[in-house]
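Okay, structure first, notes after.
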There are 2 protein chains.
Amino acid sequence: MSYSAGRRRGISTKGEEKKMSSELRKEPIIGRWVIVRTENILTPEKYIKENNSPRRNLNSVFAYGREYMTPPEVDAIRAEDTHPNNTGWKVRVVPNKFPALKIEGELDKRGYGVYDLCNGVGAHEVVIETPDPFKRMADFSVQELANVFKAYQRRCEDLAKDQRFKYIAIFKNFGRSAGASLEHEHSQIIALPMVPKYVKEKIDGSENYYRFHGRSIYEDILQQEYTEKTRIITENEDFVAFCPYAQRYAFETWILPKNIESQFLDIKEKGRQSLSGILKECLLRMREVLSNPSYNYYLQIQPTNYKNTVAFLWHIEIVPKLQVVDELEWDSGFYVVHTPPEVAAKYLREAVVPAETALA
Amino acid sequence: MSYSAGRRRGISTKGEEKKMSSELRKEPIIGRWVIVRTENILTPEKYIKENNSPRRNLNSVFAYGREYMTPPEVDAIRAEDTHPNNTGWKVRVVPNKFPALKIEGELDKRGYGVYDLCNGVGAHEVVIETPDPFKRMADFSVQELANVFKAYQRRCEDLAKDQRFKYIAIFKNFGRSAGASLEHEHSQIIALPMVPKYVKEKIDGSENYYRFHGRSIYEDILQQEYTEKTRIITENEDFVAFCPYAQRYAFETWILPKNIESQFLDIKEKGRQSLSGILKECLLRMREVLSNPSYNYYLQIQPTNYKNTVAFLWHIEIVPKLQVVDELEWDSGFYVVHTPPEVAAKYLREAVVPAETALA
């Protein structure tokens, strides 16, 4: 039996003899199984709508003229004749006022009985992505978004000089249910003295695959996605966006470079524009289909000082936070996805978004 | 430097030279690092309160007289002279009306290009824990709770006869933000054709530890917790409840058997009563300290047909769903805990709860 027949049998709701209500799919890199519903699936309008429209709060601490309200900036992309901690910036990076980790001090790794610990040494920074408190990332110009990525790169380069840091985590929370406490668009950077478990699992998984097959698993994934097309949302010259086959969350979207040896820090202005174009398009499509949902995105880049350029490929994971009434989310390593990625990708692909974003 | 000095230095807010804002702690079984804040920590009243009081909805489909509204029961603990699918039950187990997995059909494991999948074969059942739509689990009598555990055991024994199933997952969602769609107290059972990743990681981790040390890691953890006492919430003859050293979520609570060779399915009535007593006490303490929070609990039992009785020890994880205003929850394998387990355990331990639960 061909898989294609099996999939049709699952998703279609008519004219099939033996209908399965779901598929168990295995994520090929870290090996996690997920349950993908193929019956009683949820279409976008079935998810609970959240009100994420701006509150028109005029007191944003991140706005022009309030630079004194944040810790002094560590970096900024600003107009040439402007000065640090004054107006004129386009993207501004400041230390987090309540950092989870602090830059000062020794790691002092030590055992404590059966446990291990070290001091909370690291960096915790906030990237203020626009001076406009009301502008949403999906409405940024491609150039404005490219500046955000440039700021990420500059912070990575700077933080990687500190030998204590093994990983630079970059992520964004948008909307209340995704954990954003301030409406003004911003993302966060955390420099860590160890590689996070999830990233380490991806690296281990892709290295194992490379050792066995002599090919990058990302090459094989992209090849299969190009051939099938059903999970692809959009693509341009340098990047492709798709809903992964064994996604954890409905409408989860990954953006991968087409060049499987791409390094995030090596991306130049043209690449940043390309990346910005596809991210903007994904955010617009998500907003259109899912009524302006809360979301998180995570840059999954290589650890600092990691030299293997063929096995692991950096990428961006975008996860909308969708609430289901009869939610069956289960924290023990199993995820139930109520909208198959093929269905999610179709909605996202077919959404009508402004033409200016179609850079491809 | 002793760890104790380091920990005091972190948590205390006065009279220390070099204060760290957090510690990085490594979970000893699966090796995940978490950030535990030791500065700007959140006390219970800082978490957002949720309204989880019953809505007095009189139309519960799980109530007496509405047995016809659920699929026919697969098991029930009921008064001797009563009949299936009629009133008189104490605990009732029915198939989920919208199952994530279905009991019929072949697994048909197969490859699909770079991916792997199989049919969504499994069982998905609902355990209706009381006929009273308004009674909360924390208010169950010890005997009522013991009946719930008896039902879990009976379902495990029955489902394990099916050779397709490798793991029986048992979990409960209470409250809206923990994913419960129905207020009437219930839990869920999912029989899976594979062991979930999180459970597999725990088993692998504890087996590795056993091979290296010749001792169960749970024995060493319990030994250290007994000695330190700071993370222990309560204990009785057979079980101990504590906030784990490297917990992922604030106020997360684990209940472990004191007998490190305990098997969940071997627990007899006395053990069920003992387990029920400590679970009830934990739920009451959590309700008192955290204003009736939403929570999930997960039974972490051994896979079916798993014979190693010395390395992995079954336990219960209780995770309250607490919302933080400036939440920094991060999905990439790193957790930030805003209340250290030592502080959480102190609050839970010192809460005043009805004496009848003190079974120890």
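So you can find residues: chains in the structure tokens are A, B, ... in the order shown, residues in each start at 1, and ligands are numbered from 1 in order.
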Inset, instruction - Output the contact residues of chain B with respect to chain A at a cut-off of 7 Å, based on only C-alpha atoms, as a VMD selection string. - result: chain B and resid 3 20 to 26 28 32 37 100 to 102 112 to 120 179 to 181 196 to 198 220 to 221 224 325 to 329 332 to 334
Selection from above, N, CA and C atoms, as a compact mmCIF listing (two decimals), in the first residue's frame, can you write it?
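Result went into selection_2.txt, see below:
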```txt
# COMPACT_ATOMS: atom_id res chain seq x y z
N TYR B 3 28.41 23.97 48.82
CA TYR B 3 27.24 24.36 48.04
C TYR B 3 26.28 25.15 48.88
N MET B 20 24.43 36.13 42.96
CA MET B 20 24.03 35.66 41.64
C MET B 20 22.52 35.81 41.54
N SER B 21 22.03 36.09 40.33
CA SER B 21 20.58 36.24 40.19
C SER B 21 19.91 34.90 39.97
N SER B 22 20.71 33.88 39.66
CA SER B 22 20.11 32.57 39.38
C SER B 22 21.16 31.48 39.46
N GLU B 23 20.67 30.25 39.49
CA GLU B 23 21.54 29.08 39.38
C GLU B 23 21.13 28.30 38.16
N LEU B 24 22.09 27.65 37.53
CA LEU B 24 21.79 26.67 36.50
C LEU B 24 21.88 25.31 37.16
N ARG B 25 20.79 24.56 37.12
CA ARG B 25 20.77 23.26 37.79
C ARG B 25 20.50 22.17 36.77
N LYS B 26 21.17 21.04 36.94
CA LYS B 26 21.04 19.94 35.99
C LYS B 26 20.16 18.85 36.57
N PRO B 28 19.18 15.33 37.18
CA PRO B 28 20.17 14.25 37.17
C PRO B 28 19.78 13.03 36.34
N ARG B 32 18.74 17.52 31.75
CA ARG B 32 18.31 18.85 31.29
C ARG B 32 18.72 19.93 32.28
N ARG B 37 15.73 30.91 39.32
CA ARG B 37 15.96 32.26 39.82
C ARG B 37 16.18 32.26 41.32
N ALA B 100 -7.94 10.23 20.22
CA ALA B 100 -6.74 10.58 19.45
C ALA B 100 -6.20 9.33 18.75
N LEU B 101 -6.44 8.18 19.36
CA LEU B 101 -6.01 6.90 18.78
C LEU B 101 -7.19 5.94 18.84
N LYS B 102 -7.25 5.01 17.89
CA LYS B 102 -8.36 4.06 17.87
C LYS B 102 -7.87 2.63 18.08
N TYR B 112 8.26 6.43 4.89
CA TYR B 112 7.67 7.30 3.86
C TYR B 112 8.74 8.31 3.50
N GLY B 113 9.60 7.92 2.55
CA GLY B 113 10.76 8.75 2.26
C GLY B 113 11.64 8.81 3.50
N VAL B 114 12.00 10.00 3.91
CA VAL B 114 12.87 10.18 5.07
C VAL B 114 12.09 10.01 6.39
N TYR B 115 10.77 9.96 6.28
CA TYR B 115 9.94 9.91 7.48
C TYR B 115 9.49 8.49 7.84
N ASP B 116 8.97 8.35 9.07
CA ASP B 116 8.39 7.10 9.55
C ASP B 116 7.00 7.37 10.09
N LEU B 117 6.12 6.42 9.90
CA LEU B 117 4.78 6.59 10.47
C LEU B 117 4.15 5.25 10.73
N CYS B 118 3.06 5.27 11.47
CA CYS B 118 2.20 4.10 11.56
C CYS B 118 0.78 4.59 11.79
N ASN B 119 -0.16 3.69 11.67
CA ASN B 119 -1.55 4.07 11.89
C ASN B 119 -1.78 4.46 13.35
N GLY B 120 -2.74 5.31 13.56
CA GLY B 120 -3.03 5.79 14.91
C GLY B 120 -3.78 4.77 15.73
N GLY B 179 -5.94 22.57 30.23
CA GLY B 179 -6.48 21.84 29.09
C GLY B 179 -7.75 21.06 29.36
N ALA B 180 -8.35 21.22 30.55
CA ALA B 180 -9.59 20.48 30.83
C ALA B 180 -10.77 21.20 30.20
N SER B 181 -11.53 20.47 29.40
CA SER B 181 -12.68 21.09 28.75
C SER B 181 -13.96 20.85 29.54
N PRO B 196 6.73 6.88 25.12
CA PRO B 196 6.95 8.31 24.86
C PRO B 196 8.39 8.72 25.13
N LYS B 197 8.85 9.69 24.38
CA LYS B 197 10.23 10.16 24.45
C LYS B 197 10.65 10.51 25.88
N TYR B 198 9.81 11.25 26.58
CA TYR B 198 10.17 11.71 27.92
C TYR B 198 10.35 10.53 28.88
N ASP B 220 19.46 7.40 45.47
CA ASP B 220 20.37 8.49 45.82
C ASP B 220 19.61 9.81 45.95
N ILE B 221 18.64 10.03 45.08
CA ILE B 221 17.85 11.26 45.16
C ILE B 221 17.08 11.29 46.48
N GLN B 224 19.30 11.97 49.43
CA GLN B 224 19.71 13.38 49.54
C GLN B 224 18.53 14.26 49.99
N VAL B 325 3.39 37.21 34.77
CA VAL B 325 3.19 38.35 33.89
C VAL B 325 4.36 38.48 32.91
N ASP B 326 5.58 38.53 33.44
CA ASP B 326 6.70 38.67 32.51
C ASP B 326 7.32 37.30 32.25
N GLU B 327 6.51 36.45 31.77
CA GLU B 327 6.89 35.06 31.59
C GLU B 327 8.09 34.94 30.65
N LEU B 328 9.00 34.06 31.04
CA LEU B 328 10.06 33.74 30.12
C LEU B 328 10.10 32.23 30.01
N GLU B 329 9.10 31.72 29.39
CA GLU B 329 9.06 30.29 29.20
C GLU B 329 9.60 30.05 27.81
N SER B 332 12.73 25.69 24.00
CA SER B 332 13.88 25.04 23.36
C SER B 332 14.70 24.23 24.33
N GLY B 333 14.05 23.64 25.31
CA GLY B 333 14.79 22.79 26.22
C GLY B 333 15.29 23.52 27.44
N PHE B 334 15.04 24.80 27.54
CA PHE B 334 15.43 25.54 28.73
C PHE B 334 14.21 26.06 29.44
```
Inset, instruction - Identify all residues of region 18-92 of chain B in helix (DSSP H, G or I) (DSSP on the backbone) and supply them as a list in words. - result: Pro44, Glu45, Lys46, Glu67, Tyr68 and Met69 of chain B
Inset, instruction - Quick one: everything within 9 Å of Ile232 (chain A), counting only C-alpha atoms, minus sequence neighbours fewer than 5 positions away in the same chain. Send it as a list in words. - result: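 My list of contacting residues is Glu225, Tyr226, Val240, Ala241, Phe242, Cys243, Pro244, Glu342, Ala345, Lys346 and Arg349 of chain A.
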Residues from last step as file, C-alpha atoms, as a PDB file, in the first residue's frame:
```
ATOM      1  CA  GLU A 225       9.231  18.516   0.697  1.00  0.00           C
ATOM      2  CA  TYR A 226      10.039  19.907  -2.780  1.00  0.00           C
ATOM      3  CA  VAL A 240      11.760  27.695   2.022  1.00  0.00           C
ATOM      4  CA  ALA A 241       8.940  27.716   4.607  1.00  0.00           C
ATOM      5  CA  PHE A 242       6.928  24.583   5.376  1.00  0.00           C
ATOM      6  CA  CYS A 243       4.880  22.833   8.045  1.00  0.00           C
ATOM      7  CA  PRO A 244       7.065  19.937   9.246  1.00  0.00           C
ATOM      8  CA  GLU A 342      -0.734  19.211   4.948  1.00  0.00           C
ATOM      9  CA  ALA A 345       0.125  24.397   4.883  1.00  0.00           C
ATOM     10  CA  LYS A 346      -2.739  24.562   2.390  1.00  0.00           C
ATOM     11  CA  ARG A 349      -0.274  28.843   1.251  1.00  0.00           C
TER      12      ARG A 349
END
```
Inset, instruction - Excluding Ser274 (chain A) and residues on its chain fewer than 2 positions from it, collect all residues at most 8 Å away from it, counting only C-alpha atoms, and give them as a PyMOL selection string. - result: chain A and resi 236-239+270-272+276-278+359
Legend entry - Selection: 12 Å around Ala63 (chain B), only C-alpha atoms, excl. self and same-chain fewer than 4 positions, as an MDAnalysis selection string: chainID B and resid 57:59 67:70 85:92 128:135 182:186
Could you write out the selected residues, including N, CA and C atoms, as an mmCIF file, in the first residue's frame?
```
data_model
loop_
_atom_site.group_PDB
_atom_site.id
_atom_site.type_symbol
_atom_site.label_atom_id
_atom_site.label_comp_id
_atom_site.auth_asym_id
_atom_site.auth_seq_id
_atom_site.Cartn_x
_atom_site.Cartn_y
_atom_site.Cartn_z
ATOM 1 N N ASN B 57 -22.559 23.940 36.766
ATOM 2 C CA ASN B 57 -23.186 23.441 35.548
ATOM 3 C C ASN B 57 -23.897 22.131 35.866
ATOM 4 N N LEU B 58 -25.196 22.100 35.708
ATOM 5 C CA LEU B 58 -25.953 20.908 36.099
ATOM 6 C C LEU B 58 -26.107 19.907 34.960
ATOM 7 N N ASN B 59 -25.446 20.186 33.846
ATOM 8 C CA ASN B 59 -25.652 19.326 32.687
ATOM 9 C C ASN B 59 -24.470 18.420 32.389
ATOM 10 N N GLU B 67 -25.461 8.158 31.788
ATOM 11 C CA GLU B 67 -24.519 7.142 31.305
ATOM 12 C C GLU B 67 -24.705 6.882 29.819
ATOM 13 N N TYR B 68 -25.918 7.104 29.323
ATOM 14 C CA TYR B 68 -26.179 6.861 27.901
ATOM 15 C C TYR B 68 -25.492 7.896 27.012
ATOM 16 N N MET B 69 -25.045 8.991 27.604
ATOM 17 C CA MET B 69 -24.427 10.049 26.791
ATOM 18 C C MET B 69 -22.948 9.798 26.486
ATOM 19 N N THR B 70 -22.360 8.824 27.140
ATOM 20 C CA THR B 70 -20.967 8.475 26.834
ATOM 21 C C THR B 70 -20.961 7.149 26.091
ATOM 22 N N ASN B 85 -23.314 0.766 32.766
ATOM 23 C CA ASN B 85 -23.979 1.858 32.063
ATOM 24 C C ASN B 85 -25.267 2.309 32.745
ATOM 25 N N ASN B 86 -25.313 2.052 34.042
ATOM 26 C CA ASN B 86 -26.392 2.592 34.866
ATOM 27 C C ASN B 86 -25.771 3.257 36.083
ATOM 28 N N THR B 87 -26.576 3.874 36.908
ATOM 29 C CA THR B 87 -26.056 4.545 38.095
ATOM 30 C C THR B 87 -25.498 3.521 39.079
ATOM 31 N N GLY B 88 -24.884 4.028 40.134
ATOM 32 C CA GLY B 88 -24.356 3.156 41.171
ATOM 33 C C GLY B 88 -22.852 2.981 41.104
ATOM 34 N N TRP B 89 -22.218 3.594 40.125
ATOM 35 C CA TRP B 89 -20.762 3.469 40.007
ATOM 36 C C TRP B 89 -20.057 4.501 40.884
ATOM 37 N N LYS B 90 -18.806 4.172 41.195
ATOM 38 C CA LYS B 90 -17.964 5.108 41.962
ATOM 39 C C LYS B 90 -16.919 5.737 41.038
ATOM 40 N N VAL B 91 -16.337 4.892 40.204
ATOM 41 C CA VAL B 91 -15.413 5.349 39.161
ATOM 42 C C VAL B 91 -15.842 4.646 37.889
ATOM 43 N N ARG B 92 -15.851 5.365 36.788
ATOM 44 C CA ARG B 92 -16.338 4.778 35.554
ATOM 45 C C ARG B 92 -15.350 5.095 34.429
ATOM 46 N N ILE B 128 -13.846 8.652 34.668
ATOM 47 C CA ILE B 128 -14.719 9.580 35.392
ATOM 48 C C ILE B 128 -14.564 9.255 36.869
ATOM 49 N N GLU B 129 -13.986 10.223 37.600
ATOM 50 C CA GLU B 129 -13.452 9.893 38.923
ATOM 51 C C GLU B 129 -14.478 9.954 40.049
ATOM 52 N N THR B 130 -15.614 10.545 39.755
ATOM 53 C CA THR B 130 -16.680 10.681 40.759
ATOM 54 C C THR B 130 -17.997 10.903 40.017
ATOM 55 N N PRO B 131 -19.112 10.458 40.585
ATOM 56 C CA PRO B 131 -20.386 10.796 39.951
ATOM 57 C C PRO B 131 -20.819 12.241 40.242
ATOM 58 N N ASP B 132 -20.183 12.880 41.224
ATOM 59 C CA ASP B 132 -20.580 14.229 41.649
ATOM 60 C C ASP B 132 -19.885 15.292 40.789
ATOM 61 N N PRO B 133 -20.630 16.021 39.961
ATOM 62 C CA PRO B 133 -20.007 16.996 39.047
ATOM 63 C C PRO B 133 -19.288 18.122 39.774
ATOM 64 N N PHE B 134 -19.602 18.333 41.054
ATOM 65 C CA PHE B 134 -19.062 19.494 41.768
ATOM 66 C C PHE B 134 -17.938 19.146 42.735
ATOM 67 N N LYS B 135 -17.688 17.875 42.901
ATOM 68 C CA LYS B 135 -16.682 17.468 43.873
ATOM 69 C C LYS B 135 -15.290 17.538 43.254
ATOM 70 N N LEU B 182 -13.968 19.792 30.345
ATOM 71 C CA LEU B 182 -15.130 19.488 31.170
ATOM 72 C C LEU B 182 -14.743 19.664 32.633
ATOM 73 N N GLU B 183 -15.621 20.287 33.397
ATOM 74 C CA GLU B 183 -15.291 20.555 34.804
ATOM 75 C C GLU B 183 -15.383 19.316 35.677
ATOM 76 N N HIS B 184 -16.286 18.432 35.300
ATOM 77 C CA HIS B 184 -16.472 17.188 36.060
ATOM 78 C C HIS B 184 -15.131 16.432 36.111
ATOM 79 N N GLU B 185 -14.699 16.096 37.319
ATOM 80 C CA GLU B 185 -13.345 15.543 37.478
ATOM 81 C C GLU B 185 -13.146 14.247 36.676
ATOM 82 N N HIS B 186 -12.079 14.206 35.913
ATOM 83 C CA HIS B 186 -11.787 13.030 35.107
ATOM 84 C C HIS B 186 -10.300 13.014 34.765
#
```
Inset, instruction - Mind checking which residues fall within 12 Å of Ala344 (chain B), counting only C-alpha atoms, ignoring those fewer than 6 positions away in the same chain, and posting them as an MDAnalysis selection string? - result: chainID B and resid 36 41:45 230:233 242:245 247 249:253 285:286 289:290 320 337:338 350:351
Inset, instruction - Find the spatial neighbours of Glu288 (chain A), counting only C-alpha atoms, within a cut-off of 9 Å - ignore same-chain residues fewer than 5 positions away - and output them as a ChimeraX atom specification. - result: /A:283,348,351-353
Legend entry - Å distance separating CA of Asn96 (chain A) from CA of Ala123 (chain A), one decimal place: 8.6 Å
Inset, instruction - To one decimal in Å, tell me the separation between CA of Leu279 (chain A) and CA of Pro293 (chain A). - result: 15.2 Å
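In this structure, CA of Ala191 (chain A) sits 23.0 Å away from CA of Ser206 (chain A).
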Inset, instruction - Enumerate, as a list in words, the complete set of residues in region 41-143 of chain A that a backbone-based DSSP assignment places in strand (DSSP E or B). - result: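 Filtering region 41-143 of chain A to strand (DSSP E or B) leaves Ile48, Asp75, Ala76, Ile77, Arg78, Trp89, Lys90, Val91, Arg92, Val93, Val94, Pro95, Lys102, Arg110, Gly111, Tyr112, Tyr115, Asp116, Leu117, Cys118, Asn119, Val121, Ala123, His124, Glu125, Val126, Val127 and Ile128 of chain A.
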Inset, instruction - Could you tell me which of B:Arg211, B:Val126, B:Ala79, B:Leu322 comes closest to Ser187 (chain B) if we count only C-alpha atoms? - result: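 Closest to Ser187 (chain B) of all the choices is B:Val126.
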